[in-house]
>>> print(open('query-v5.cif').read())   # mmCIF, C-alpha atoms
data_model
loop_
_atom_site.label_atom_id
_atom_site.label_comp_id
_atom_site.auth_asym_id
_atom_site.auth_seq_id
_atom_site.Cartn_x
_atom_site.Cartn_y
_atom_site.Cartn_z
CA MET A 1 170.42 129.00 67.70
CA VAL A 2 167.99 128.27 70.56
CA THR A 3 164.29 128.34 69.73
CA THR A 4 161.57 129.27 72.20
CA ALA A 5 158.65 126.84 72.14
CA GLN A 6 155.45 128.35 70.79
CA ARG A 7 152.94 126.63 73.06
CA PRO A 8 153.04 126.58 76.87
CA VAL A 9 153.63 123.41 78.85
CA ASP A 10 150.26 121.76 79.59
CA GLY A 11 150.14 121.91 83.38
CA THR A 12 152.88 121.16 85.84
CA PHE A 13 154.09 117.73 86.86
CA ARG A 14 155.59 116.83 90.21
CA VAL A 15 157.29 113.63 91.30
CA GLY A 16 157.35 112.06 94.75
CA THR A 17 159.46 109.06 95.72
CA ASP A 18 159.57 107.07 98.93
CA LEU A 19 161.48 104.10 100.27
CA VAL A 20 160.34 101.93 103.20
CA GLU A 21 162.89 99.75 105.00
CA LEU A 22 160.82 96.62 105.55
CA GLY A 23 162.81 95.37 108.56
CA ARG A 24 162.27 98.65 110.39
CA PHE A 25 158.61 98.75 109.36
CA ARG A 26 158.12 95.15 110.55
CA ALA A 27 159.63 96.06 113.95
CA LEU A 28 157.23 99.01 114.28
CA VAL A 29 154.24 96.82 113.40
CA LEU A 30 155.28 94.22 115.99
CA GLN A 31 155.90 96.89 118.63
CA HIS A 32 152.75 98.98 118.13
CA GLY A 33 150.28 96.53 116.54
CA SER A 34 146.80 97.38 115.29
CA PRO A 35 146.64 101.02 116.50
CA PHE A 36 149.77 101.76 114.45
CA LEU A 37 148.30 100.10 111.34
CA ALA A 38 144.98 101.94 111.81
CA ARG A 39 146.79 105.31 111.63
CA LEU A 40 148.36 104.38 108.28
CA PHE A 41 145.95 102.09 106.43
CA THR A 42 142.27 101.73 105.70
CA ARG A 43 140.50 98.53 106.73
CA ALA A 44 140.20 97.61 103.03
CA GLU A 45 143.98 97.89 102.52
CA VAL A 46 144.69 95.63 105.50
CA ASP A 47 142.02 93.14 104.36
CA VAL A 48 143.55 92.89 100.87
CA ALA A 49 147.01 92.30 102.36
CA GLU A 50 145.66 89.64 104.73
CA ARG A 51 143.77 87.83 101.95
CA HIS A 52 146.27 87.96 99.10
CA ALA A 53 149.81 88.62 100.31
CA VAL A 54 152.35 85.98 101.20
CA ASP A 55 154.08 88.50 103.47
CA ILE A 56 151.42 90.84 104.89
CA VAL A 57 153.86 93.29 106.45
CA ALA A 58 155.90 93.58 103.24
CA ALA A 59 152.70 94.20 101.26
CA LEU A 60 151.68 96.92 103.69
CA GLY A 61 155.20 98.37 103.46
CA SER A 62 154.74 98.69 99.70
CA CYS A 63 151.36 100.29 100.30
CA LEU A 64 152.95 102.79 102.71
CA ALA A 65 155.64 103.67 100.15
CA VAL A 66 152.91 104.46 97.60
CA LYS A 67 150.99 106.65 100.06
CA LYS A 68 154.10 108.61 101.05
CA ALA A 69 155.20 109.04 97.41
CA VAL A 70 151.76 110.41 96.47
CA PHE A 71 151.85 112.69 99.52
CA ALA A 72 155.33 113.95 98.55
CA ALA A 73 154.26 114.65 94.96
CA MET A 74 151.06 116.44 95.98
CA ARG A 75 152.87 118.68 98.49
CA PRO A 76 149.84 119.50 100.63
CA THR A 77 149.93 122.66 102.70
CA GLU A 78 147.90 121.15 105.54
CA ARG A 79 148.00 118.03 107.66
CA ILE A 80 146.42 115.10 105.84
CA PRO A 81 146.01 111.60 107.32
CA LEU A 82 147.63 108.84 105.27
CA THR A 83 144.34 106.94 105.42
CA ASP A 84 142.95 109.61 103.05
CA ILE A 85 145.15 108.05 100.35
CA GLU A 86 143.78 104.56 99.66
CA VAL A 87 145.95 102.18 97.62
CA GLU A 88 144.34 99.58 95.39
CA TRP A 89 146.35 96.82 93.74
CA GLY A 90 145.66 95.45 90.27
CA HIS A 91 147.20 92.67 88.25
CA SER A 92 151.00 92.29 88.42
CA ASP A 93 151.21 94.57 91.47
CA TRP A 94 150.16 97.74 89.61
CA ALA A 95 148.97 100.27 92.16
CA SER A 96 146.34 102.96 91.85
CA VAL A 97 145.03 105.34 94.48
CA THR A 98 141.73 106.84 95.53
CA LEU A 99 141.79 110.09 97.48
CA HIS A 100 139.33 110.67 100.33
CA GLY A 101 138.52 113.35 102.92
CA GLU A 102 141.00 116.20 103.36
CA CYS A 103 143.29 114.80 100.68
CA ALA A 104 140.49 114.75 98.10
CA ARG A 105 139.46 118.30 99.03
CA PHE A 106 143.07 119.48 98.66
CA ALA A 107 143.38 117.72 95.28
CA VAL A 108 140.20 119.37 93.98
CA ALA A 109 141.20 122.82 95.27
CA GLN A 110 144.66 122.54 93.70
CA ASP A 111 143.44 120.69 90.57
CA VAL A 112 145.83 117.81 91.30
CA THR A 113 145.44 114.38 89.73
CA VAL A 114 147.65 111.33 90.17
CA ALA A 115 149.10 110.62 86.72
CA ASP A 116 151.11 107.45 87.39
CA ILE A 117 152.62 105.25 90.10
CA ALA A 118 155.54 102.84 89.91
CA THR A 119 156.44 100.38 92.68
CA ALA A 120 159.18 97.87 93.38
CA ARG A 121 160.01 95.60 96.31
CA THR A 122 163.02 93.51 97.23
CA GLY A 123 163.48 91.41 100.35
CA SER A 124 164.40 94.42 102.46
CA VAL A 125 163.05 97.54 100.73
CA ALA A 126 159.79 98.74 99.18
CA THR A 127 159.89 101.79 96.96
CA ALA A 128 157.32 103.84 95.07
CA THR A 129 157.35 106.81 92.74
CA ALA A 130 154.26 108.90 92.02
CA ILE A 131 153.72 111.53 89.34
CA VAL A 132 150.95 114.08 89.82
CA ARG A 133 149.68 116.75 87.46
CA SER A 134 148.25 120.14 88.33
CA SER A 135 147.00 122.80 85.96
CA LEU A 136 147.56 125.43 88.63
CA LEU A 137 150.92 127.06 89.20
CA PRO A 138 152.08 128.16 92.64
CA MET A 139 151.69 131.89 93.30
CA GLY A 140 154.51 133.98 91.85
CA VAL A 141 155.77 131.27 89.47
CA GLU A 142 155.81 132.11 85.78
CA ARG A 143 155.11 129.40 83.23
CA VAL A 144 158.16 128.65 81.09
CA THR A 145 158.56 126.35 78.15
CA PRO A 146 161.20 123.63 77.97
CA PHE A 147 163.21 125.70 75.46
CA ASP A 148 162.85 129.09 77.14
CA THR A 149 166.43 130.42 77.31
CA ARG A 150 165.56 132.71 80.23
CA ALA A 151 164.67 129.64 82.32
CA ILE A 152 168.17 128.22 81.90
CA GLY A 153 169.98 131.54 82.28
CA ARG A 154 171.03 132.18 78.67
CA GLY A 155 168.75 134.94 77.59
#
>>> encode(input="query-v5.cif", output="structure tokens")
Amino acid sequence: MVTTAQRPVDGTFRVGTDLVELGRFRALVLQHGSPFLARLFTRAEVDVAERHAVDIVAALGSCLAVKKAVFAAMRPTERIPLTDIEVEWGHSDWASVTLHGECARFAVAQDVTVADIATARTGSVATATAIVRSSLLPMGVERVTPFDTRAIGRG
């Protein structure tokens, strides 16, 4: 017997993941320099990397992975500069983000909040996963519960 859950799922969750090849990223930084970095990072992000990181480019690669993972999870419908997603690092390399400008406006309009971020970095790869929550459903999508047999085709 399959039981239908009695209460609806509280909002929708989306996941975004990104991987940055640090060797390729390093080559782009060397080739394009400061203008390239200015399109991707805020001055504060670059300053933190310059002050605290052993490998500045690898630190910025991790930062870029976080930004792109958040962007992928949010799924914006308009063009948003990556500098609108500002990454802040805490103890033990825990990342958090602050949304600015167009990205913040989109998040408010869609009721999107960043729920969690996980990062990892090896010698050659930086990766990040972001989970966002929205209480709004896309148009035409019905809310289903995890045990709704119609959602899995057995109803």
>>> resolve_selection(input="query-v5.cif", expression="the PyMOL selection byres ((chain A and resi 25) around 12)", output="PyMOL selection string")
chain A and resi 19-24+26-33+36-37+40+56-65+124-126
>>> write_last_selection(input="query-v5.cif", atoms="C-alpha atoms", output="compact mmCIF listing (two decimals), in the frame of the given file")
# COMPACT_ATOMS: atom_id res chain seq x y z
CA LEU A 19 161.48 104.10 100.27
CA VAL A 20 160.34 101.93 103.20
CA GLU A 21 162.89 99.75 105.00
CA LEU A 22 160.82 96.62 105.55
CA GLY A 23 162.81 95.37 108.56
CA ARG A 24 162.27 98.65 110.39
CA ARG A 26 158.12 95.15 110.55
CA ALA A 27 159.63 96.06 113.95
CA LEU A 28 157.23 99.01 114.28
CA VAL A 29 154.24 96.82 113.40
CA LEU A 30 155.28 94.22 115.99
CA GLN A 31 155.90 96.89 118.63
CA HIS A 32 152.75 98.98 118.13
CA GLY A 33 150.28 96.53 116.54
CA PHE A 36 149.77 101.76 114.45
CA LEU A 37 148.30 100.10 111.34
CA LEU A 40 148.36 104.38 108.28
CA ILE A 56 151.42 90.84 104.89
CA VAL A 57 153.86 93.29 106.45
CA ALA A 58 155.90 93.58 103.24
CA ALA A 59 152.70 94.20 101.26
CA LEU A 60 151.68 96.92 103.69
CA GLY A 61 155.20 98.37 103.46
CA SER A 62 154.74 98.69 99.70
CA CYS A 63 151.36 100.29 100.30
CA LEU A 64 152.95 102.79 102.71
CA ALA A 65 155.64 103.67 100.15
CA SER A 124 164.40 94.42 102.46
CA VAL A 125 163.05 97.54 100.73
CA ALA A 126 159.79 98.74 99.18
>>> atom_distance(input="query-v5.cif", atom1="atom CA of A:Arg51", atom2="atom CA of A:Arg121")
18.9 Å
>>> atom_distance(input="query-v5.cif", atom1="atom CA of A:Val132", atom2="atom CA of A:Ala38")
25.8 Å
>>> resolve_selection(input="query-v5.cif", expression="the PyMOL selection byres ((chain A and resi 131) around 7)", output="MDAnalysis selection string")
chainID A and resid 13:16 73 114:117 129:130 132:133
>>> closest_residue(input="query-v5.cif", among="A:Thr12, A:Thr42, A:Thr127, A:Ser134", to="A:His100", atoms="all atoms listed in the file")
A:Thr42
>>> decode(input="query-v5.cif", residues="stretch 18-35 of chain A", atoms="N, CA and C atoms", output="PDB file, in the first residue's frame")
ATOM      1  N   ASP A  18      29.025  23.167  -9.845  1.00  0.00           N
ATOM      2  CA  ASP A  18      29.975  23.616 -10.849  1.00  0.00           C
ATOM      3  C   ASP A  18      31.369  23.108 -10.510  1.00  0.00           C
ATOM      4  N   LEU A  19      32.156  22.945 -11.555  1.00  0.00           N
ATOM      5  CA  LEU A  19      33.534  22.485 -11.427  1.00  0.00           C
ATOM      6  C   LEU A  19      34.416  23.414 -12.242  1.00  0.00           C
ATOM      7  N   VAL A  20      35.482  23.922 -11.649  1.00  0.00           N
ATOM      8  CA  VAL A  20      36.426  24.803 -12.347  1.00  0.00           C
ATOM      9  C   VAL A  20      37.766  24.083 -12.447  1.00  0.00           C
ATOM     10  N   GLU A  21      38.240  23.901 -13.676  1.00  0.00           N
ATOM     11  CA  GLU A  21      39.571  23.330 -13.898  1.00  0.00           C
ATOM     12  C   GLU A  21      40.583  24.443 -13.624  1.00  0.00           C
ATOM     13  N   LEU A  22      41.341  24.292 -12.561  1.00  0.00           N
ATOM     14  CA  LEU A  22      42.215  25.376 -12.111  1.00  0.00           C
ATOM     15  C   LEU A  22      43.340  25.691 -13.094  1.00  0.00           C
ATOM     16  N   GLY A  23      43.857  24.706 -13.795  1.00  0.00           N
ATOM     17  CA  GLY A  23      44.896  24.964 -14.803  1.00  0.00           C
ATOM     18  C   GLY A  23      44.369  25.840 -15.927  1.00  0.00           C
ATOM     19  N   ARG A  24      43.184  25.527 -16.395  1.00  0.00           N
ATOM     20  CA  ARG A  24      42.559  26.331 -17.466  1.00  0.00           C
ATOM     21  C   ARG A  24      42.236  27.740 -16.958  1.00  0.00           C
ATOM     22  N   PHE A  25      41.713  27.815 -15.733  1.00  0.00           N
ATOM     23  CA  PHE A  25      41.383  29.110 -15.147  1.00  0.00           C
ATOM     24  C   PHE A  25      42.648  29.950 -14.980  1.00  0.00           C
ATOM     25  N   ARG A  26      43.730  29.329 -14.507  1.00  0.00           N
ATOM     26  CA  ARG A  26      45.001  30.036 -14.330  1.00  0.00           C
ATOM     27  C   ARG A  26      45.494  30.600 -15.665  1.00  0.00           C
ATOM     28  N   ALA A  27      45.377  29.817 -16.730  1.00  0.00           N
ATOM     29  CA  ALA A  27      45.793  30.274 -18.065  1.00  0.00           C
ATOM     30  C   ALA A  27      44.970  31.481 -18.509  1.00  0.00           C
ATOM     31  N   LEU A  28      43.668  31.464 -18.248  1.00  0.00           N
ATOM     32  CA  LEU A  28      42.816  32.603 -18.606  1.00  0.00           C
ATOM     33  C   LEU A  28      43.184  33.855 -17.817  1.00  0.00           C
ATOM     34  N   VAL A  29      43.488  33.673 -16.533  1.00  0.00           N
ATOM     35  CA  VAL A  29      43.891  34.820 -15.704  1.00  0.00           C
ATOM     36  C   VAL A  29      45.199  35.408 -16.226  1.00  0.00           C
ATOM     37  N   LEU A  30      46.158  34.559 -16.557  1.00  0.00           N
ATOM     38  CA  LEU A  30      47.437  35.046 -17.074  1.00  0.00           C
ATOM     39  C   LEU A  30      47.279  35.725 -18.437  1.00  0.00           C
ATOM     40  N   GLN A  31      46.399  35.183 -19.255  1.00  0.00           N
ATOM     41  CA  GLN A  31      46.191  35.739 -20.598  1.00  0.00           C
ATOM     42  C   GLN A  31      45.435  37.065 -20.571  1.00  0.00           C
ATOM     43  N   HIS A  32      44.407  37.173 -19.739  1.00  0.00           N
ATOM     44  CA  HIS A  32      43.521  38.341 -19.787  1.00  0.00           C
ATOM     45  C   HIS A  32      43.676  39.310 -18.619  1.00  0.00           C
ATOM     46  N   GLY A  33      44.303  38.885 -17.534  1.00  0.00           N
ATOM     47  CA  GLY A  33      44.638  39.774 -16.422  1.00  0.00           C
ATOM     48  C   GLY A  33      43.472  40.388 -15.677  1.00  0.00           C
ATOM     49  N   SER A  34      43.701  41.601 -15.206  1.00  0.00           N
ATOM     50  CA  SER A  34      42.742  42.306 -14.341  1.00  0.00           C
ATOM     51  C   SER A  34      41.364  42.525 -14.960  1.00  0.00           C
ATOM     52  N   PRO A  35      41.257  42.877 -16.250  1.00  0.00           N
ATOM     53  CA  PRO A  35      39.904  43.055 -16.813  1.00  0.00           C
ATOM     54  C   PRO A  35      39.067  41.777 -16.730  1.00  0.00           C
TER      55      PRO A  35
END
